Each structure stands twice: as structure tokens, then as C-alpha cells.
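Presented below is the structure to which this report refers.
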Amino acid sequence: MSFLSFFERYKKFGIFFSVLCITIIAIIYNILNVKKPLPIYQPAMVSEELVDSTIQHQMKYHKIADFSLINQNGETVTQDTYKDKIYVADFFFTTCPTICPIMTDHMYQIQKEIISDDDIMLLSHSVTPKIDSVAQLKKYAKEKGVIDRKWNLVTGDKKQIYELARKSYLAVKTDGNGDEYDMIHTENFMLIDKKRQIRGFYDGTNPEDIDQLLKDIETLKDES
């Protein structure tokens with residue numbers, strides 16, 4: 001049997017087999033490229049150093065607690081301000097000379113990326129609220145290019161802010177409860193979904209983590 005006649009005889013099988021292989025490859029490619037859902041972080045999933053002892057073993061239903069703080073414009077900011085929003089939260093202070101300027105620059109970078117997306121906001125909590133008055137936050141906001149509708153810098157009751165850091169955002173290693181001489185300092189950024197659940201932790205001083213955070217925001221948007 002000549003090669004040509006052999007090819008003619010098995011041509012239909014060859015076409016079928018080729019189409020089958022292409023289909024299988026396409027299916028595998030799509031499966032591998034499907035975005036995996038982001039985890040929903042519970043206190044029990046996070047290092048015990050970052051979690052208040054009263055909730056360390058909680059394995060479900062963790063959400064950001066209700067809050068009431070004051071922003072750079074003297075306006076009250078509560079959980080309702082962020083209702084049905086995805087947001088990035090952090091803890092900083094305006095007089096910090098070390099990690100905070102880097103973190104703020106990265107928050108500004110995120111702000112640029114989300115500027116036209118009404119579903120995404122930012123929230124920065126001052127850990128020195130006695131120093132970071134409304135006037136001080138306003139001055140800092142102007143210096144750093146904060147856009148009010150996208151990004152709230154908040155001050156308020158120190159104990160409330162510290163409790164949010166330890167019991168809601170699971171953000172800091174310090175056991176301080178907000179007393180006069182307590183001082184928390186963390187580079188963590190937290191990604192919060194529309195149900196007030198933690199969906200990611202990122203090093204706010206690391207450009208690679210910021211890139212991943214922006215990707216994770218897109219993943220979260222696809223989910224909601």
C-alpha cells in the first residue's frame with residue numbers, strides 16, 4: 001500500500017483525532033487558567049501573633065466589626081460608608097518616618113488604578129489619633145494626593161482603632177489595647193470584600209505584593 005493511499009484511507013480518522021487533541025488541550029488550558037477564588041480568612045487561619053486571644057480559635061463567620069471614626073474632612077465614617085464596597089485597609093500615622101511613607105505611596109498607586117471604579121475604596125486608620133487630628137489628616141491628605149471620594153484617612157477613639165486592628169483586621173502583632181502609651185505598627189494591607197470579610201493580606205511596603213493585591217481585586221470583582 002502506497003503512502004498516499006494509506007493517508008486517504010485514514011484521513012477522516014486523522015482529522016477526528018486532531019480535532020479531539022485540540023479540544024482536550026483547550027479544555028486543560030481553560031481549567032488551568034480559571035481564577036481560583038480568594039480565601040475567606042478566619043482568625044484560626046492566621047498566625048496567633050496577629051489575633052486577639054479571645055478569637056484565636058474562631059473558624060467561621062468572622063467579619064469586620066461596626067465602627068465610627070472621623071475622616072480628613074471632619075465627616076463621620078462608618079461601616080455603612082463601605083457598604084457594598086470592596087476596600088483596602090491599613091494602619092498608619094502621619095509622623096511615621098519609616099514604613100508609612102512607602103505604604104502611603106503604594107495606597108496612592110492603588111488609588112490611581114481604581115479611580116474610575118465606584119466599587120473599590122481605601123481606608124487608612126491612624127494609630128496615633130491624638131496627634132492625627134482632622135486638620136493634620138487633611139494636611140497629610142493634600143500632600144499625598146488623597147481623593148476624598150476614594151480614600152478615607154480616619155482618626156477617633158484609640159481603643160476602638162486598636163480593637164479593630166487586633167480583633168477585626170487581624171493586622172498587628174502587638175497586644176496593646178489602645179492605652180496611652182500603646183503603639184502598634186504594621187505594614188499589612190488587608191483586602192475586604194462586600195460582605196466585610198478578609199480576603200487577603202499583603203506587605204504594604206512590597207511592590208510585588210501591591211501588584212498581587214491589584215490582581216486579587218479583579219478576582220474579587222469577578223466573584224461579586
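A note on labels: chains of the C-alpha cells are A, B, ... as shown, every chain counts residues from 1, and ligands are counted from 1 in their shown order.
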Skipping near chain neighbours, those fewer than 4 positions away, what residues fall within 12 Å of Ser116 in chain A using only C-alpha atoms, listed as a ChimeraX atom specification? /A:110-112,120-121,147,149-150
Atoms kept (N, CA and C atoms) for selection, written as a compact mmCIF listing (two decimals), in the first residue's frame:
```
# COMPACT_ATOMS: atom_id res chain seq x y z
N ILE A 110 -2.53 52.38 44.27
CA ILE A 110 -3.79 51.64 44.17
C ILE A 110 -4.93 52.59 43.82
N GLN A 111 -4.94 53.76 44.46
CA GLN A 111 -5.98 54.76 44.18
C GLN A 111 -6.01 55.11 42.69
N LYS A 112 -4.85 55.26 42.08
CA LYS A 112 -4.79 55.57 40.64
C LYS A 112 -5.42 54.45 39.81
N ILE A 120 -14.72 50.16 44.49
CA ILE A 120 -13.49 49.97 45.25
C ILE A 120 -13.13 51.25 46.00
N MET A 121 -12.76 51.10 47.29
CA MET A 121 -12.33 52.25 48.10
C MET A 121 -11.13 51.87 48.96
N ILE A 147 -7.74 61.39 47.21
CA ILE A 147 -9.01 61.81 46.62
C ILE A 147 -10.11 61.38 47.59
N ARG A 149 -13.32 60.98 47.73
CA ARG A 149 -14.38 60.01 47.43
C ARG A 149 -13.86 58.58 47.36
N LYS A 150 -12.53 58.42 47.25
CA LYS A 150 -11.94 57.09 47.13
C LYS A 150 -11.25 56.62 48.41
```
Residues of range 112-211 of chain A in strand (DSSP E), written as a PDB file with N, CA, C and O atoms, in the first residue's frame:
```pdb
ATOM      1  N   ILE A 120     -14.716  50.159  44.486  1.00  0.00           N
ATOM      2  CA  ILE A 120     -13.491  49.972  45.250  1.00  0.00           C
ATOM      3  C   ILE A 120     -13.131  51.252  46.005  1.00  0.00           C
ATOM      4  O   ILE A 120     -13.164  52.342  45.439  1.00  0.00           O
ATOM      5  N   MET A 121     -12.756  51.104  47.294  1.00  0.00           N
ATOM      6  CA  MET A 121     -12.331  52.249  48.102  1.00  0.00           C
ATOM      7  C   MET A 121     -11.129  51.875  48.957  1.00  0.00           C
ATOM      8  O   MET A 121     -10.718  50.707  48.999  1.00  0.00           O
ATOM      9  N   LEU A 122     -10.595  52.877  49.656  1.00  0.00           N
ATOM     10  CA  LEU A 122      -9.453  52.694  50.541  1.00  0.00           C
ATOM     11  C   LEU A 122      -9.789  53.250  51.926  1.00  0.00           C
ATOM     12  O   LEU A 122     -10.582  54.193  52.054  1.00  0.00           O
ATOM     13  N   LEU A 123      -9.152  52.683  52.968  1.00  0.00           N
ATOM     14  CA  LEU A 123      -9.416  53.131  54.334  1.00  0.00           C
ATOM     15  C   LEU A 123      -8.131  53.015  55.159  1.00  0.00           C
ATOM     16  O   LEU A 123      -7.615  51.913  55.373  1.00  0.00           O
ATOM     17  N   SER A 124      -7.600  54.152  55.605  1.00  0.00           N
ATOM     18  CA  SER A 124      -6.374  54.180  56.398  1.00  0.00           C
ATOM     19  C   SER A 124      -6.683  54.691  57.795  1.00  0.00           C
ATOM     20  O   SER A 124      -7.206  55.789  57.962  1.00  0.00           O
ATOM     21  N   HIS A 125      -6.337  53.882  58.805  1.00  0.00           N
ATOM     22  CA  HIS A 125      -6.614  54.205  60.202  1.00  0.00           C
ATOM     23  C   HIS A 125      -5.360  54.773  60.870  1.00  0.00           C
ATOM     24  O   HIS A 125      -4.303  54.135  60.831  1.00  0.00           O
ATOM     25  N   SER A 126      -5.474  55.921  61.511  1.00  0.00           N
ATOM     26  CA  SER A 126      -4.344  56.448  62.267  1.00  0.00           C
ATOM     27  C   SER A 126      -4.208  55.701  63.590  1.00  0.00           C
ATOM     28  O   SER A 126      -5.194  55.517  64.313  1.00  0.00           O
ATOM     29  N   TRP A 151     -10.786  57.575  49.211  1.00  0.00           N
ATOM     30  CA  TRP A 151      -9.843  57.203  50.268  1.00  0.00           C
ATOM     31  C   TRP A 151     -10.104  58.018  51.520  1.00  0.00           C
ATOM     32  O   TRP A 151      -9.992  59.247  51.514  1.00  0.00           O
ATOM     33  N   ASN A 152     -10.452  57.348  52.596  1.00  0.00           N
ATOM     34  CA  ASN A 152     -10.644  57.996  53.894  1.00  0.00           C
ATOM     35  C   ASN A 152      -9.451  57.731  54.803  1.00  0.00           C
ATOM     36  O   ASN A 152      -9.038  56.574  54.999  1.00  0.00           O
ATOM     37  N   LEU A 153      -8.887  58.817  55.360  1.00  0.00           N
ATOM     38  CA  LEU A 153      -7.904  58.720  56.433  1.00  0.00           C
ATOM     39  C   LEU A 153      -8.674  59.005  57.713  1.00  0.00           C
ATOM     40  O   LEU A 153      -9.279  60.079  57.841  1.00  0.00           O
ATOM     41  N   VAL A 154      -8.680  58.069  58.663  1.00  0.00           N
ATOM     42  CA  VAL A 154      -9.573  58.237  59.808  1.00  0.00           C
ATOM     43  C   VAL A 154      -8.836  58.275  61.137  1.00  0.00           C
ATOM     44  O   VAL A 154      -7.811  57.622  61.337  1.00  0.00           O
ATOM     45  N   ASN A 188       0.948  45.647  57.119  1.00  0.00           N
ATOM     46  CA  ASN A 188      -0.093  44.874  56.443  1.00  0.00           C
ATOM     47  C   ASN A 188      -1.155  45.739  55.762  1.00  0.00           C
ATOM     48  O   ASN A 188      -1.644  46.710  56.337  1.00  0.00           O
ATOM     49  N   PHE A 189      -1.494  45.346  54.534  1.00  0.00           N
ATOM     50  CA  PHE A 189      -2.699  45.818  53.849  1.00  0.00           C
ATOM     51  C   PHE A 189      -3.679  44.655  53.873  1.00  0.00           C
ATOM     52  O   PHE A 189      -3.287  43.499  53.662  1.00  0.00           O
ATOM     53  N   MET A 190      -4.950  44.937  54.110  1.00  0.00           N
ATOM     54  CA  MET A 190      -5.983  43.907  54.100  1.00  0.00           C
ATOM     55  C   MET A 190      -7.005  44.192  53.001  1.00  0.00           C
ATOM     56  O   MET A 190      -7.448  45.331  52.855  1.00  0.00           O
ATOM     57  N   LEU A 191      -7.365  43.167  52.257  1.00  0.00           N
ATOM     58  CA  LEU A 191      -8.385  43.287  51.216  1.00  0.00           C
ATOM     59  C   LEU A 191      -9.697  42.777  51.793  1.00  0.00           C
ATOM     60  O   LEU A 191      -9.793  41.632  52.244  1.00  0.00           O
ATOM     61  N   ILE A 192     -10.711  43.646  51.786  1.00  0.00           N
ATOM     62  CA  ILE A 192     -12.003  43.341  52.401  1.00  0.00           C
ATOM     63  C   ILE A 192     -13.085  43.284  51.316  1.00  0.00           C
ATOM     64  O   ILE A 192     -13.148  44.165  50.458  1.00  0.00           O
ATOM     65  N   ILE A 198     -12.343  39.315  55.321  1.00  0.00           N
ATOM     66  CA  ILE A 198     -10.954  39.491  54.892  1.00  0.00           C
ATOM     67  C   ILE A 198     -10.640  38.478  53.798  1.00  0.00           C
ATOM     68  O   ILE A 198     -10.799  37.277  53.982  1.00  0.00           O
ATOM     69  N   ARG A 199     -10.151  38.975  52.660  1.00  0.00           N
ATOM     70  CA  ARG A 199      -9.857  38.092  51.533  1.00  0.00           C
ATOM     71  C   ARG A 199      -8.373  38.055  51.151  1.00  0.00           C
ATOM     72  O   ARG A 199      -7.981  37.308  50.266  1.00  0.00           O
ATOM     73  N   GLY A 200      -7.549  38.875  51.822  1.00  0.00           N
ATOM     74  CA  GLY A 200      -6.125  38.842  51.521  1.00  0.00           C
ATOM     75  C   GLY A 200      -5.324  39.728  52.446  1.00  0.00           C
ATOM     76  O   GLY A 200      -5.828  40.747  52.943  1.00  0.00           O
ATOM     77  N   PHE A 201      -4.066  39.324  52.685  1.00  0.00           N
ATOM     78  CA  PHE A 201      -3.097  40.110  53.441  1.00  0.00           C
ATOM     79  C   PHE A 201      -1.891  40.373  52.542  1.00  0.00           C
ATOM     80  O   PHE A 201      -1.432  39.472  51.826  1.00  0.00           O
ATOM     81  N   TYR A 202      -1.347  41.586  52.611  1.00  0.00           N
ATOM     82  CA  TYR A 202      -0.254  41.978  51.715  1.00  0.00           C
ATOM     83  C   TYR A 202       0.726  42.864  52.481  1.00  0.00           C
ATOM     84  O   TYR A 202       0.328  43.637  53.358  1.00  0.00           O
ATOM     85  N   ASP A 203       1.998  42.762  52.116  1.00  0.00           N
ATOM     86  CA  ASP A 203       3.016  43.644  52.674  1.00  0.00           C
ATOM     87  C   ASP A 203       2.929  44.979  51.939  1.00  0.00           C
ATOM     88  O   ASP A 203       3.274  45.073  50.762  1.00  0.00           O
TER      89      ASP A 203
END
```
Pick from A:Asn73, A:Thr205, A:Thr54, A:Ser133, whichever lies nearest to Gln109 in chain A using only C-alpha atoms: A:Thr205
If we count only C-alpha atoms and set the cut-off at 12 Å, which residues sit around Lys144 in chain A, ignoring sequence neighbours fewer than 5 positions away in its own chain? Please answer as an MDAnalysis selection string. chainID A and resid 94 100:109 111 137:139 151 153
Same residues, N, CA, C and O atoms, saved as a PDB file, in the first residue's frame:
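The result, stored in part-v5.pdb:
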```pdb
ATOM      1  N   THR A  94       0.733  59.803  60.584  1.00  0.00           N
ATOM      2  CA  THR A  94       1.254  60.824  59.661  1.00  0.00           C
ATOM      3  C   THR A  94       2.688  61.223  59.967  1.00  0.00           C
ATOM      4  O   THR A  94       3.387  61.724  59.082  1.00  0.00           O
ATOM      5  N   CYS A 100       5.595  53.973  56.843  1.00  0.00           N
ATOM      6  CA  CYS A 100       4.329  54.609  56.446  1.00  0.00           C
ATOM      7  C   CYS A 100       4.413  55.395  55.134  1.00  0.00           C
ATOM      8  O   CYS A 100       3.486  55.316  54.322  1.00  0.00           O
ATOM      9  N   PRO A 101       5.467  56.172  54.894  1.00  0.00           N
ATOM     10  CA  PRO A 101       5.532  56.872  53.602  1.00  0.00           C
ATOM     11  C   PRO A 101       5.512  55.910  52.410  1.00  0.00           C
ATOM     12  O   PRO A 101       4.885  56.211  51.377  1.00  0.00           O
ATOM     13  N   ILE A 102       6.170  54.766  52.549  1.00  0.00           N
ATOM     14  CA  ILE A 102       6.156  53.771  51.468  1.00  0.00           C
ATOM     15  C   ILE A 102       4.755  53.206  51.305  1.00  0.00           C
ATOM     16  O   ILE A 102       4.238  53.071  50.179  1.00  0.00           O
ATOM     17  N   MET A 103       4.119  52.876  52.425  1.00  0.00           N
ATOM     18  CA  MET A 103       2.762  52.343  52.380  1.00  0.00           C
ATOM     19  C   MET A 103       1.794  53.343  51.755  1.00  0.00           C
ATOM     20  O   MET A 103       0.943  52.977  50.933  1.00  0.00           O
ATOM     21  N   THR A 104       1.929  54.609  52.138  1.00  0.00           N
ATOM     22  CA  THR A 104       1.034  55.638  51.602  1.00  0.00           C
ATOM     23  C   THR A 104       1.239  55.815  50.101  1.00  0.00           C
ATOM     24  O   THR A 104       0.276  55.986  49.352  1.00  0.00           O
ATOM     25  N   ASP A 105       2.491  55.768  49.673  1.00  0.00           N
ATOM     26  CA  ASP A 105       2.767  55.843  48.230  1.00  0.00           C
ATOM     27  C   ASP A 105       2.118  54.674  47.489  1.00  0.00           C
ATOM     28  O   ASP A 105       1.592  54.849  46.376  1.00  0.00           O
ATOM     29  N   HIS A 106       2.139  53.490  48.097  1.00  0.00           N
ATOM     30  CA  HIS A 106       1.516  52.332  47.459  1.00  0.00           C
ATOM     31  C   HIS A 106      -0.011  52.437  47.481  1.00  0.00           C
ATOM     32  O   HIS A 106      -0.679  52.012  46.528  1.00  0.00           O
ATOM     33  N   MET A 107      -0.564  53.013  48.544  1.00  0.00           N
ATOM     34  CA  MET A 107      -2.007  53.266  48.564  1.00  0.00           C
ATOM     35  C   MET A 107      -2.378  54.251  47.455  1.00  0.00           C
ATOM     36  O   MET A 107      -3.408  54.103  46.789  1.00  0.00           O
ATOM     37  N   TYR A 108      -1.543  55.249  47.268  1.00  0.00           N
ATOM     38  CA  TYR A 108      -1.773  56.215  46.188  1.00  0.00           C
ATOM     39  C   TYR A 108      -1.746  55.518  44.828  1.00  0.00           C
ATOM     40  O   TYR A 108      -2.567  55.815  43.950  1.00  0.00           O
ATOM     41  N   GLN A 109      -0.826  54.568  44.674  1.00  0.00           N
ATOM     42  CA  GLN A 109      -0.753  53.795  43.428  1.00  0.00           C
ATOM     43  C   GLN A 109      -2.039  52.997  43.207  1.00  0.00           C
ATOM     44  O   GLN A 109      -2.585  52.964  42.092  1.00  0.00           O
ATOM     45  N   GLN A 111      -4.941  53.761  44.464  1.00  0.00           N
ATOM     46  CA  GLN A 111      -5.977  54.763  44.178  1.00  0.00           C
ATOM     47  C   GLN A 111      -6.014  55.108  42.694  1.00  0.00           C
ATOM     48  O   GLN A 111      -7.094  55.225  42.090  1.00  0.00           O
ATOM     49  N   LEU A 137      -4.736  65.302  59.445  1.00  0.00           N
ATOM     50  CA  LEU A 137      -5.068  64.346  58.382  1.00  0.00           C
ATOM     51  C   LEU A 137      -5.350  65.067  57.063  1.00  0.00           C
ATOM     52  O   LEU A 137      -4.968  64.583  55.989  1.00  0.00           O
ATOM     53  N   LYS A 138      -6.010  66.213  57.138  1.00  0.00           N
ATOM     54  CA  LYS A 138      -6.313  66.979  55.924  1.00  0.00           C
ATOM     55  C   LYS A 138      -5.025  67.461  55.263  1.00  0.00           C
ATOM     56  O   LYS A 138      -4.871  67.374  54.030  1.00  0.00           O
ATOM     57  N   LYS A 139      -4.107  67.948  56.066  1.00  0.00           N
ATOM     58  CA  LYS A 139      -2.813  68.400  55.543  1.00  0.00           C
ATOM     59  C   LYS A 139      -2.081  67.238  54.874  1.00  0.00           C
ATOM     60  O   LYS A 139      -1.549  67.367  53.766  1.00  0.00           O
ATOM     61  N   TRP A 151     -10.786  57.575  49.211  1.00  0.00           N
ATOM     62  CA  TRP A 151      -9.843  57.203  50.268  1.00  0.00           C
ATOM     63  C   TRP A 151     -10.104  58.018  51.520  1.00  0.00           C
ATOM     64  O   TRP A 151      -9.992  59.247  51.514  1.00  0.00           O
ATOM     65  N   LEU A 153      -8.887  58.817  55.360  1.00  0.00           N
ATOM     66  CA  LEU A 153      -7.904  58.720  56.433  1.00  0.00           C
ATOM     67  C   LEU A 153      -8.674  59.005  57.713  1.00  0.00           C
ATOM     68  O   LEU A 153      -9.279  60.079  57.841  1.00  0.00           O
TER      69      LEU A 153
END
```
Shell of 12 Å around Leu38 in chain A, only C-alpha atoms, local chain residues under 2 positions omitted, as an MDAnalysis selection string: chainID A and resid 35:36 40:41 191:193 197:201 212:213 215:224
Convert the current residue selection to file output with N, CA, C and O atoms, as a short mmCIF file (atom, residue, chain, number, x, y, z; two decimals), in the first residue's frame.
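Saved as again-v2.cif:
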```cif
data_model
loop_
_atom_site.label_atom_id
_atom_site.label_comp_id
_atom_site.auth_asym_id
_atom_site.auth_seq_id
_atom_site.Cartn_x
_atom_site.Cartn_y
_atom_site.Cartn_z
N LYS A 35 -9.53 31.49 37.32
CA LYS A 35 -9.08 32.16 38.53
C LYS A 35 -9.63 31.43 39.75
O LYS A 35 -10.83 31.20 39.86
N LYS A 36 -8.74 31.06 40.65
CA LYS A 36 -9.17 30.41 41.87
C LYS A 36 -9.78 31.45 42.79
O LYS A 36 -9.29 32.57 42.88
N ILE A 40 -11.35 33.06 52.33
CA ILE A 40 -12.03 33.91 53.30
C ILE A 40 -11.33 33.66 54.63
O ILE A 40 -11.46 32.59 55.22
N TYR A 41 -10.54 34.64 55.07
CA TYR A 41 -9.70 34.42 56.24
C TYR A 41 -10.50 34.47 57.54
O TYR A 41 -11.29 35.38 57.77
N LEU A 191 -7.36 43.17 52.26
CA LEU A 191 -8.39 43.29 51.22
C LEU A 191 -9.70 42.78 51.79
O LEU A 191 -9.79 41.63 52.24
N ILE A 192 -10.71 43.65 51.79
CA ILE A 192 -12.00 43.34 52.40
C ILE A 192 -13.09 43.28 51.32
O ILE A 192 -13.15 44.17 50.46
N ASP A 193 -13.93 42.26 51.37
CA ASP A 193 -14.96 42.12 50.33
C ASP A 193 -16.25 42.83 50.73
O ASP A 193 -16.34 43.48 51.79
N GLN A 197 -15.64 40.66 54.83
CA GLN A 197 -14.77 39.53 55.13
C GLN A 197 -13.35 39.82 54.63
O GLN A 197 -13.18 40.46 53.59
N ILE A 198 -12.34 39.31 55.32
CA ILE A 198 -10.95 39.49 54.89
C ILE A 198 -10.64 38.48 53.80
O ILE A 198 -10.80 37.28 53.98
N ARG A 199 -10.15 38.98 52.66
CA ARG A 199 -9.86 38.09 51.53
C ARG A 199 -8.37 38.05 51.15
O ARG A 199 -7.98 37.31 50.27
N GLY A 200 -7.55 38.88 51.82
CA GLY A 200 -6.13 38.84 51.52
C GLY A 200 -5.32 39.73 52.45
O GLY A 200 -5.83 40.75 52.94
N PHE A 201 -4.07 39.32 52.69
CA PHE A 201 -3.10 40.11 53.44
C PHE A 201 -1.89 40.37 52.54
O PHE A 201 -1.43 39.47 51.83
N GLN A 212 0.10 41.99 43.27
CA GLN A 212 -0.79 40.86 43.54
C GLN A 212 -2.12 41.34 44.11
O GLN A 212 -3.19 40.81 43.77
N LEU A 213 -2.08 42.36 44.95
CA LEU A 213 -3.30 42.93 45.51
C LEU A 213 -4.22 43.44 44.41
O LEU A 213 -5.43 43.20 44.43
N LYS A 215 -4.34 42.43 41.33
CA LYS A 215 -4.87 41.25 40.64
C LYS A 215 -6.00 40.62 41.45
O LYS A 215 -7.03 40.21 40.90
N ASP A 216 -5.80 40.56 42.75
CA ASP A 216 -6.81 39.95 43.62
C ASP A 216 -8.08 40.79 43.68
O ASP A 216 -9.18 40.25 43.85
N ILE A 217 -7.96 42.09 43.56
CA ILE A 217 -9.15 42.94 43.48
C ILE A 217 -9.97 42.55 42.26
O ILE A 217 -11.21 42.45 42.33
N GLU A 218 -9.32 42.32 41.14
CA GLU A 218 -10.03 41.91 39.92
C GLU A 218 -10.69 40.56 40.11
O GLU A 218 -11.84 40.34 39.69
N THR A 219 -10.00 39.64 40.77
CA THR A 219 -10.59 38.32 41.06
C THR A 219 -11.83 38.48 41.93
O THR A 219 -12.86 37.84 41.71
N LEU A 220 -11.75 39.33 42.94
CA LEU A 220 -12.87 39.56 43.84
C LEU A 220 -14.04 40.21 43.12
O LEU A 220 -15.20 39.89 43.39
N LYS A 221 -13.75 41.11 42.21
CA LYS A 221 -14.81 41.74 41.42
C LYS A 221 -15.55 40.70 40.57
O LYS A 221 -16.77 40.76 40.44
N ASP A 222 -14.81 39.75 39.99
CA ASP A 222 -15.45 38.70 39.20
C ASP A 222 -16.35 37.83 40.05
O ASP A 222 -17.34 37.29 39.57
N GLU A 223 -16.00 37.70 41.30
CA GLU A 223 -16.76 36.84 42.23
C GLU A 223 -18.06 37.49 42.66
O GLU A 223 -19.07 36.83 42.84
N SER A 224 -18.02 38.81 42.83
CA SER A 224 -19.18 39.50 43.42
C SER A 224 -20.21 39.88 42.37
O SER A 224 -20.01 39.75 41.19
#
```
Just how far from CA of Asp80 in chain A is CA of Lys60 in chain A, in Å to one decimal?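 We find that CA of Lys60 in chain A and CA of Asp80 in chain A lie 22.5 Å from each other.
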Near Phe67 in chain A, counting only C-alpha atoms, which residues have an atom at most 8 Å away, once you skip same-chain residues fewer than 6 positions from it, shown as number ranges by chain? A: 77-79, 160
Atoms kept (all heavy atoms) for selection, written as a compact mmCIF listing (two decimals), in the first residue's frame:
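Generated file (selection-v3.txt):
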```
# COMPACT_ATOMS: atom_id res chain seq x y z
N VAL A 77 -17.25 58.47 59.44
CA VAL A 77 -17.11 57.32 58.54
C VAL A 77 -17.48 56.07 59.34
O VAL A 77 -16.93 55.83 60.42
CB VAL A 77 -15.67 57.20 58.01
CG1 VAL A 77 -15.48 55.90 57.24
CG2 VAL A 77 -15.32 58.40 57.13
N THR A 78 -18.43 55.28 58.82
CA THR A 78 -18.84 54.04 59.49
C THR A 78 -18.79 52.89 58.50
O THR A 78 -18.42 53.07 57.32
CB THR A 78 -20.27 54.16 60.04
OG1 THR A 78 -21.20 54.15 58.93
CG2 THR A 78 -20.47 55.44 60.84
N GLN A 79 -19.17 51.72 58.98
CA GLN A 79 -19.25 50.56 58.09
C GLN A 79 -20.21 50.82 56.93
O GLN A 79 -20.04 50.26 55.85
CB GLN A 79 -19.67 49.30 58.87
CG GLN A 79 -21.08 49.33 59.43
CD GLN A 79 -21.22 50.14 60.70
OE1 GLN A 79 -20.22 50.59 61.28
NE2 GLN A 79 -22.45 50.35 61.14
N GLN A 160 -10.87 51.99 70.16
CA GLN A 160 -11.66 51.42 69.07
C GLN A 160 -10.76 51.04 67.88
O GLN A 160 -10.90 49.96 67.30
CB GLN A 160 -12.74 52.40 68.60
CG GLN A 160 -13.58 51.83 67.46
CD GLN A 160 -14.56 52.82 66.86
OE1 GLN A 160 -15.29 52.51 65.92
NE2 GLN A 160 -14.60 54.04 67.38
```
